[in-house]
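Asker: Data: entry_5.txt, compact mmCIF, C-alpha atoms.
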```
# COMPACT_ATOMS: atom_id res chain seq x y z
CA MET A 1 158.32 242.85 135.12
CA ARG A 2 156.57 244.24 132.05
CA ILE A 3 156.40 242.29 128.78
CA LEU A 4 155.14 243.82 125.55
CA VAL A 5 153.20 241.30 123.46
CA ALA A 6 153.04 242.62 119.92
CA ASN A 7 150.34 241.43 117.55
CA VAL A 8 151.57 241.43 113.95
CA ASN A 9 148.24 242.50 112.44
CA THR A 10 145.92 245.44 113.04
CA THR A 11 142.93 243.49 114.37
CA GLN A 12 142.43 244.76 117.93
CA SER A 13 140.22 241.85 119.00
CA MET A 14 143.05 239.47 118.11
CA THR A 15 145.49 241.55 120.15
CA ASP A 16 143.08 241.25 123.07
CA SER A 17 142.87 237.46 122.71
CA ILE A 18 146.65 237.11 122.45
CA ALA A 19 147.17 239.31 125.51
CA ALA A 20 144.59 237.32 127.48
CA GLN A 21 146.44 234.08 126.70
CA ALA A 22 149.72 235.71 127.70
CA ARG A 23 148.24 236.84 131.03
CA SER A 24 146.90 233.35 131.72
CA ILE A 25 150.43 231.92 131.75
CA ALA A 26 152.38 234.89 133.13
CA ALA A 27 153.74 234.66 136.65
CA PRO A 28 152.36 236.87 139.44
CA GLY A 29 153.97 240.28 139.16
CA THR A 30 154.37 240.14 135.39
CA GLU A 31 152.44 242.82 133.54
CA ILE A 32 151.39 241.97 130.00
CA VAL A 33 150.84 244.86 127.59
CA GLY A 34 149.21 243.98 124.29
CA ILE A 35 150.28 246.15 121.35
CA THR A 36 148.51 246.59 118.02
CA PRO A 37 150.45 248.12 115.09
CA ARG A 38 149.16 251.49 113.89
CA PHE A 39 149.44 250.40 110.25
CA GLY A 40 149.48 247.15 108.31
CA ALA A 41 147.08 244.39 107.25
CA ASP A 42 144.21 243.04 109.34
CA SER A 43 145.78 239.58 109.04
CA CYS A 44 149.13 238.22 107.86
CA GLU A 45 148.99 235.36 105.38
CA GLY A 46 151.84 235.94 102.94
CA ASN A 47 155.24 237.49 102.39
CA PHE A 48 154.03 241.00 101.59
CA GLU A 49 151.91 241.22 104.73
CA SER A 50 154.67 239.64 106.80
CA TYR A 51 157.32 242.14 105.73
CA LEU A 52 154.85 244.98 106.26
CA ALA A 53 154.14 243.61 109.73
CA ALA A 54 157.85 243.54 110.53
CA ILE A 55 158.09 247.30 110.02
CA ALA A 56 154.79 247.93 111.80
CA VAL A 57 155.81 245.93 114.87
CA MET A 58 159.19 247.69 115.10
CA ASP A 59 157.32 251.00 114.90
CA ALA A 60 154.79 249.97 117.57
CA VAL A 61 157.38 248.66 120.01
CA THR A 62 159.78 251.59 119.69
CA SER A 63 156.87 254.02 120.03
CA TYR A 64 155.89 252.59 123.42
CA GLN A 65 156.73 255.24 126.00
CA GLU A 66 156.91 253.29 129.29
CA PRO A 67 159.74 251.04 130.54
CA PHE A 68 159.57 247.36 129.58
CA ASP A 69 161.68 244.27 130.19
CA ALA A 70 161.04 242.01 127.18
CA VAL A 71 159.11 241.76 123.92
CA VAL A 72 157.11 238.87 122.50
CA GLN A 73 156.48 238.98 118.76
CA ALA A 74 153.15 237.16 118.41
CA GLY A 75 153.14 236.16 114.74
CA TYR A 76 153.91 232.60 113.69
CA GLY A 77 156.44 232.52 110.89
CA GLU A 78 156.46 236.29 110.46
CA HIS A 79 159.51 238.43 109.77
CA GLY A 80 160.92 241.12 112.04
CA ARG A 81 162.35 239.49 115.12
CA GLU A 82 165.92 240.14 113.99
CA GLY A 83 165.23 243.85 113.51
CA LEU A 84 163.78 244.16 116.99
CA GLN A 85 166.84 242.43 118.41
CA GLU A 86 169.07 245.03 116.79
CA LEU A 87 166.96 247.91 118.07
CA LEU A 88 166.43 246.78 121.65
CA ASP A 89 168.57 245.93 124.64
CA VAL A 90 165.94 243.64 126.19
CA PRO A 91 165.08 240.03 125.25
CA VAL A 92 162.96 239.57 122.12
CA VAL A 93 161.14 236.25 121.81
CA ASP A 94 159.32 235.14 118.66
CA ILE A 95 156.43 232.70 119.11
CA THR A 96 157.60 230.55 116.19
CA GLU A 97 160.92 229.72 117.80
CA ALA A 98 159.48 229.62 121.31
CA ALA A 99 156.81 227.07 120.41
CA ALA A 100 159.09 224.82 118.36
CA SER A 101 161.88 224.77 120.94
CA THR A 102 159.35 224.04 123.70
CA ALA A 103 157.88 221.17 121.68
CA MET A 104 161.29 219.53 121.43
CA PHE A 105 161.35 219.08 125.21
CA LEU A 106 158.11 217.11 125.00
CA GLY A 107 158.60 214.56 122.22
CA HIS A 108 160.89 213.26 119.49
CA LYS A 109 159.17 215.18 116.66
CA TYR A 110 156.55 217.88 116.45
CA SER A 111 154.13 219.07 113.78
CA VAL A 112 152.84 222.58 113.23
CA VAL A 113 149.18 223.13 112.38
CA THR A 114 148.66 226.55 110.84
CA THR A 115 146.05 228.47 108.84
CA LEU A 116 146.17 228.58 105.02
CA ASP A 117 148.40 226.41 102.84
CA ARG A 118 150.17 229.47 101.41
CA THR A 119 151.71 230.12 104.85
CA VAL A 120 153.29 226.65 105.07
CA PRO A 121 156.45 227.51 103.06
CA LEU A 122 156.98 230.67 105.16
CA ILE A 123 156.84 228.67 108.36
CA GLU A 124 159.11 225.95 106.97
CA ASP A 125 161.65 228.60 105.99
CA ARG A 126 161.53 230.31 109.42
CA LEU A 127 162.02 226.99 111.21
CA LYS A 128 164.95 226.14 108.96
CA LEU A 129 166.51 229.56 109.51
CA ALA A 130 166.19 229.07 113.28
CA GLY A 131 167.72 225.58 113.12
CA LEU A 132 164.51 223.99 114.40
CA ASP A 133 163.47 222.06 111.30
CA ALA A 134 165.32 218.76 111.93
CA ARG A 135 162.71 217.57 114.42
CA CYS A 136 159.71 219.01 112.61
CA ALA A 137 157.64 216.13 111.24
CA SER A 138 155.38 218.36 109.15
CA VAL A 139 153.71 221.73 108.76
CA ARG A 140 150.01 221.26 108.01
CA ALA A 141 147.38 223.76 106.93
CA SER A 142 143.93 223.77 108.53
CA GLY A 143 142.48 225.70 105.60
CA MET A 144 141.14 228.38 107.94
CA ALA A 145 142.06 232.02 107.30
CA VAL A 146 143.37 233.98 110.25
CA LEU A 147 140.22 236.09 110.68
CA GLU A 148 138.04 232.98 110.44
CA LEU A 149 139.61 231.73 113.67
CA GLU A 150 137.58 234.41 115.46
CA GLU A 151 134.57 234.43 113.18
CA GLU A 152 134.01 230.66 113.20
CA PRO A 153 135.80 229.29 116.29
CA GLU A 154 134.00 225.94 116.37
CA ARG A 155 134.79 225.17 112.74
CA ALA A 156 138.35 226.35 113.30
CA VAL A 157 138.85 223.99 116.22
CA GLU A 158 137.51 221.05 114.22
CA ALA A 159 139.77 221.86 111.26
CA ILE A 160 142.83 222.15 113.50
CA ILE A 161 142.00 218.92 115.34
CA SER A 162 141.58 217.07 112.05
CA GLN A 163 145.04 218.10 110.87
CA ALA A 164 146.57 217.50 114.31
CA MET A 165 145.28 213.94 114.40
CA GLN A 166 146.59 213.28 110.88
CA ALA A 167 149.96 214.67 111.92
CA VAL A 168 150.06 212.19 114.79
CA THR A 169 148.89 209.15 112.84
CA GLN A 170 150.45 209.82 109.43
CA ASP A 171 153.49 212.01 110.12
CA LYS A 172 154.37 210.35 113.44
CA ALA A 173 154.36 213.66 115.34
CA GLU A 174 154.35 213.34 119.11
CA VAL A 175 153.65 217.01 119.85
CA ILE A 176 151.43 219.54 118.09
CA VAL A 177 152.34 223.22 117.78
CA LEU A 178 149.66 225.82 117.07
CA GLY A 179 151.04 227.78 114.12
CA CYS A 180 149.23 231.10 114.46
CA GLY A 181 148.99 233.76 117.15
CA GLY A 182 145.25 233.82 116.50
CA MET A 183 145.03 230.24 117.79
CA ALA A 184 145.99 231.40 121.28
CA GLY A 185 143.84 229.74 123.91
CA LEU A 186 142.78 226.76 121.77
CA ASP A 187 145.49 224.42 123.09
CA GLU A 188 143.45 222.68 125.79
CA GLN A 189 140.54 221.77 123.49
CA ILE A 190 142.91 220.33 120.91
CA ARG A 191 145.01 218.50 123.51
CA GLN A 192 141.95 216.66 124.81
CA ARG A 193 140.98 215.47 121.34
CA ALA A 194 144.39 214.78 119.83
CA GLY A 195 145.79 212.98 122.85
CA VAL A 196 149.26 214.57 122.63
CA PRO A 197 150.86 217.70 124.12
CA VAL A 198 149.76 220.87 122.31
CA VAL A 199 152.06 223.89 122.48
CA ASP A 200 150.72 227.43 122.26
CA GLY A 201 153.34 229.85 120.95
CA VAL A 202 152.18 232.85 122.95
CA ALA A 203 152.29 230.96 126.25
CA SER A 204 155.71 229.50 125.41
CA ALA A 205 157.14 232.87 124.43
CA VAL A 206 155.93 234.57 127.61
CA ALA A 207 157.41 231.84 129.81
CA ILE A 208 160.75 232.03 127.98
CA ALA A 209 160.79 235.84 128.11
CA GLU A 210 160.16 235.78 131.86
CA SER A 211 163.00 233.28 132.34
CA LEU A 212 165.45 235.37 130.33
CA VAL A 213 164.61 238.49 132.33
CA ARG A 214 164.99 236.65 135.64
CA MET A 215 168.34 235.25 134.55
CA ARG A 216 169.39 238.75 133.45
CA LEU A 217 170.08 237.55 129.92
CA SER A 218 169.44 239.34 126.65
CA THR A 219 170.52 239.40 123.00
CA SER A 220 174.24 239.44 122.27
CA LYS A 221 175.16 242.78 120.70
CA VAL A 222 178.71 242.03 119.60
CA ARG A 223 178.01 241.07 115.99
CA THR A 224 174.81 239.83 114.34
CA TYR A 225 172.39 241.89 116.39
CA ALA A 226 174.55 244.92 117.07
CA ALA A 227 172.62 248.20 117.09
CA PRO A 228 172.02 249.70 113.63
CA ARG A 229 174.76 252.08 112.51
CA PRO A 230 173.61 255.72 112.67
CA LYS A 231 172.74 256.93 109.19
CA THR A 232 170.13 258.93 107.34
CA VAL A 233 167.08 256.87 106.37
CA ILE A 234 164.62 258.72 104.16
CA GLY A 235 160.88 258.16 104.61
CA TRP A 236 161.25 255.56 107.35
CA PRO A 237 158.10 255.43 109.52
CA LEU A 238 159.82 253.98 112.54
CA ASN A 239 158.82 255.96 115.59
CA SER A 240 158.08 258.91 113.26
CA ALA A 241 161.69 260.01 113.68
CA GLY A 242 162.93 259.67 110.12
CA VAL A 243 166.05 257.80 111.22
CA ALA A 244 166.75 254.36 112.60
CA ALA A 245 168.85 255.17 115.65
CA PRO A 246 169.94 252.67 118.32
CA LEU A 247 167.38 252.48 121.13
CA GLU A 248 167.69 251.70 124.79
CA ALA A 249 164.72 250.07 126.45
CA THR A 250 164.58 251.06 130.11
CA ALA A 251 163.77 248.10 132.31
CA SER A 252 160.71 248.46 134.53
CA THR A 253 161.48 248.84 138.20
CA ASP A 254 159.58 245.74 139.34
CA ALA A 255 161.45 243.20 137.18
```
Could you quickly redo this structure as structure tokens?
Answerer:
Amino acid sequence: MRILVANVNTTQSMTDSIAAQARSIAAPGTEIVGITPRFGADSCEGNFESYLAAIAVMDAVTSYQEPFDAVVQAGYGEHGREGLQELLDVPVVDITEAAASTAMFLGHKYSVVTTLDRTVPLIEDRLKLAGLDARCASVRASGMAVLELEEEPERAVEAIISQAMQAVTQDKAEVIVLGCGGMAGLDEQIRQRAGVPVVDGVASAVAIAESLVRMRLSTSKVRTYAAPRPKTVIGWPLNSAGVAAPLEATASTDA
């Protein structure tokens, strides 16, 4: 089985960290391929960057030349998952929905701890759109920018722990969700300090993607996520083809 794990920004070191976290949870026989978009911002912290990332991730995934069995979109609260589901015939799992749905198996309510405060409304909107907001106690900002998670990891962990503990004591959260792909791999440190389950979105998404492949399930194509209708699209960067045509992802032979 081969799973593409697509970073939503252009920072290669973050792609490497996300892929490493994905490999740490993947089952034996699952190959994880980390993908970095060829254009876009070096971090996503607002609507403009998020919409740009949506196009960049669709371009990166559809440009991949080898067979694959599933895609993980590794951006918390970012746009684009729906477009990938239209374009592909394999499962597409977004870490936002994967983490939140996983958290609901572990406690009555969960809280998300993310990066900057400006990303909080985006995450709240994505959770509401996915129908996962009813059991969300809060979305809290650590105050750390995405790139600072790598530049100042110790300060980042302390900031996340501080908000996680406030979510537990003040918001009555019973589970903490890490609200950024760049937080991949920090779950164990935060779990030990916060004293509650901590869900990493990348790990959750990989586990769900593997399960869907094994159950031979993928996105319904009868209505909402039907393949795009063939038409002329001028100036579209997707796959450098100039048109958005329906794509067929060929499953890898060892699924």
Asker: Which polymer residues, whether protein, DNA or RNA, lie within 7 Å of the coordinate (144.4, 222.0, 114.6) when you count only C-alpha atoms? List them as a PyMOL selection string, using the chain letters and numbers from the file.
Answerer: chain A and resi 113+142+157-164+178+190
Asker: Mind checking which residues fall within 8 Å of A:Glu174, counting all atoms listed in the file, ignoring those fewer than 5 positions away in the same chain, and posting them as a PyMOL selection string?
Answerer: chain A and resi 106-111+168+196-197
Asker: Using only C-alpha atoms, can you tell me which of A:Ser50, A:Gln192, A:Thr36, A:Ser218 comes closest to A:Ser13?
Answerer: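 Once distances to A:Ser13 are computed over only C-alpha atoms, the minimum belongs to A:Thr36.
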Asker: Any idea what the distance is between atom CA of A:Gly195 and atom CA of A:Asp94?
Answerer: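 Separation between atom CA of A:Gly195 and atom CA of A:Asp94: 26.3 Å.
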Asker: Show me the residues around (153.0, 235.5, 113.7) - criterion: an atom at most 9 Å away, only C-alpha atoms counted - as a VMD selection string.
Answerer: chain A and resid 7 to 9 44 50 73 to 79 94 to 96 179 to 182
Asker: Using all atoms listed in the file, which of A:Asp133, A:Glu86, A:Glu154, A:Glu210 sits nearest A:Arg229?
Answerer: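 For A:Arg229, the nearest of the given residues is A:Glu86.
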Asker: For A:Leu87, which residue out of A:Gln21, A:Gln170, A:Ser63, A:Thr102 is the nearest one, using only C-alpha atoms?
Answerer: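 Answer, going by the shortest atom-to-atom distance: A:Ser63.
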Asker: Near A:Met58, within 10 Å and counting only C-alpha atoms, which residues show up once chain neighbours fewer than 3 positions away are dropped, as a PyMOL selection string?
Answerer: chain A and resi 6+8+37+53-55+61-63+73+80-81+83-85+87-88+237-239
Asker: Can you write out the residues you just picked, keeping C-alpha atoms, as an mmCIF file, in the coordinates of the input?
Answerer:
```
data_model
loop_
_atom_site.group_PDB
_atom_site.id
_atom_site.type_symbol
_atom_site.label_atom_id
_atom_site.label_comp_id
_atom_site.auth_asym_id
_atom_site.auth_seq_id
_atom_site.Cartn_x
_atom_site.Cartn_y
_atom_site.Cartn_z
ATOM 1 C CA ALA A 6 153.040 242.620 119.920
ATOM 2 C CA VAL A 8 151.570 241.430 113.950
ATOM 3 C CA PRO A 37 150.450 248.120 115.090
ATOM 4 C CA ALA A 53 154.140 243.610 109.730
ATOM 5 C CA ALA A 54 157.850 243.540 110.530
ATOM 6 C CA ILE A 55 158.090 247.300 110.020
ATOM 7 C CA VAL A 61 157.380 248.660 120.010
ATOM 8 C CA THR A 62 159.780 251.590 119.690
ATOM 9 C CA SER A 63 156.870 254.020 120.030
ATOM 10 C CA GLN A 73 156.480 238.980 118.760
ATOM 11 C CA GLY A 80 160.920 241.120 112.040
ATOM 12 C CA ARG A 81 162.350 239.490 115.120
ATOM 13 C CA GLY A 83 165.230 243.850 113.510
ATOM 14 C CA LEU A 84 163.780 244.160 116.990
ATOM 15 C CA GLN A 85 166.840 242.430 118.410
ATOM 16 C CA LEU A 87 166.960 247.910 118.070
ATOM 17 C CA LEU A 88 166.430 246.780 121.650
ATOM 18 C CA PRO A 237 158.100 255.430 109.520
ATOM 19 C CA LEU A 238 159.820 253.980 112.540
ATOM 20 C CA ASN A 239 158.820 255.960 115.590
#
```
Asker: Could you please determine the separation between atom CA of A:Val5 and atom CA of A:Ala134 in Å, to one decimal place?
Answerer: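 Pair atom CA of A:Val5 / atom CA of A:Ala134 returns 28.1 Å.
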Asker: Let me make sure I understand: among A:Ala27, A:Met104, A:Ala56, A:Thr11, which one has the smallest atom-to-atom distance to A:Gly40 if we use all atoms listed in the file?
Answerer: A:Ala56
Asker: Just save stretch 187-198 of chain A with N, CA and C atoms, as a PDB file, in the first residue's frame.
Answerer:
```pdb
ATOM      1  N   ASP A 187       2.876  14.883  20.158  1.00  0.00           N
ATOM      2  CA  ASP A 187       1.755  14.385  20.952  1.00  0.00           C
ATOM      3  C   ASP A 187       2.173  13.752  22.277  1.00  0.00           C
ATOM      4  N   GLU A 188       3.247  12.965  22.267  1.00  0.00           N
ATOM      5  CA  GLU A 188       3.630  12.250  23.488  1.00  0.00           C
ATOM      6  C   GLU A 188       4.080  13.214  24.580  1.00  0.00           C
ATOM      7  N   GLN A 189       4.878  14.221  24.229  1.00  0.00           N
ATOM      8  CA  GLN A 189       5.323  15.203  25.228  1.00  0.00           C
ATOM      9  C   GLN A 189       4.140  15.921  25.858  1.00  0.00           C
ATOM     10  N   ILE A 190       3.181  16.287  25.042  1.00  0.00           N
ATOM     11  CA  ILE A 190       2.025  17.035  25.536  1.00  0.00           C
ATOM     12  C   ILE A 190       1.101  16.136  26.342  1.00  0.00           C
ATOM     13  N   ARG A 191       0.968  14.886  25.924  1.00  0.00           N
ATOM     14  CA  ARG A 191       0.134  13.925  26.659  1.00  0.00           C
ATOM     15  C   ARG A 191       0.648  13.738  28.087  1.00  0.00           C
ATOM     16  N   GLN A 192       1.953  13.622  28.241  1.00  0.00           N
ATOM     17  CA  GLN A 192       2.533  13.405  29.561  1.00  0.00           C
ATOM     18  C   GLN A 192       2.270  14.572  30.499  1.00  0.00           C
ATOM     19  N   ARG A 193       2.276  15.780  29.964  1.00  0.00           N
ATOM     20  CA  ARG A 193       2.098  16.970  30.788  1.00  0.00           C
ATOM     21  C   ARG A 193       0.625  17.307  31.014  1.00  0.00           C
ATOM     22  N   ALA A 194      -0.188  17.138  29.996  1.00  0.00           N
ATOM     23  CA  ALA A 194      -1.594  17.532  30.102  1.00  0.00           C
ATOM     24  C   ALA A 194      -2.450  16.487  30.807  1.00  0.00           C
ATOM     25  N   GLY A 195      -2.026  15.243  30.766  1.00  0.00           N
ATOM     26  CA  GLY A 195      -2.744  14.193  31.474  1.00  0.00           C
ATOM     27  C   GLY A 195      -4.006  13.711  30.796  1.00  0.00           C
ATOM     28  N   VAL A 196      -4.174  14.025  29.508  1.00  0.00           N
ATOM     29  CA  VAL A 196      -5.333  13.557  28.735  1.00  0.00           C
ATOM     30  C   VAL A 196      -4.838  13.022  27.399  1.00  0.00           C
ATOM     31  N   PRO A 197      -5.657  12.258  26.680  1.00  0.00           N
ATOM     32  CA  PRO A 197      -5.256  11.803  25.348  1.00  0.00           C
ATOM     33  C   PRO A 197      -4.974  12.988  24.430  1.00  0.00           C
ATOM     34  N   VAL A 198      -3.931  12.884  23.637  1.00  0.00           N
ATOM     35  CA  VAL A 198      -3.565  13.923  22.668  1.00  0.00           C
ATOM     36  C   VAL A 198      -3.537  13.287  21.288  1.00  0.00           C
TER      37      VAL A 198
END
```
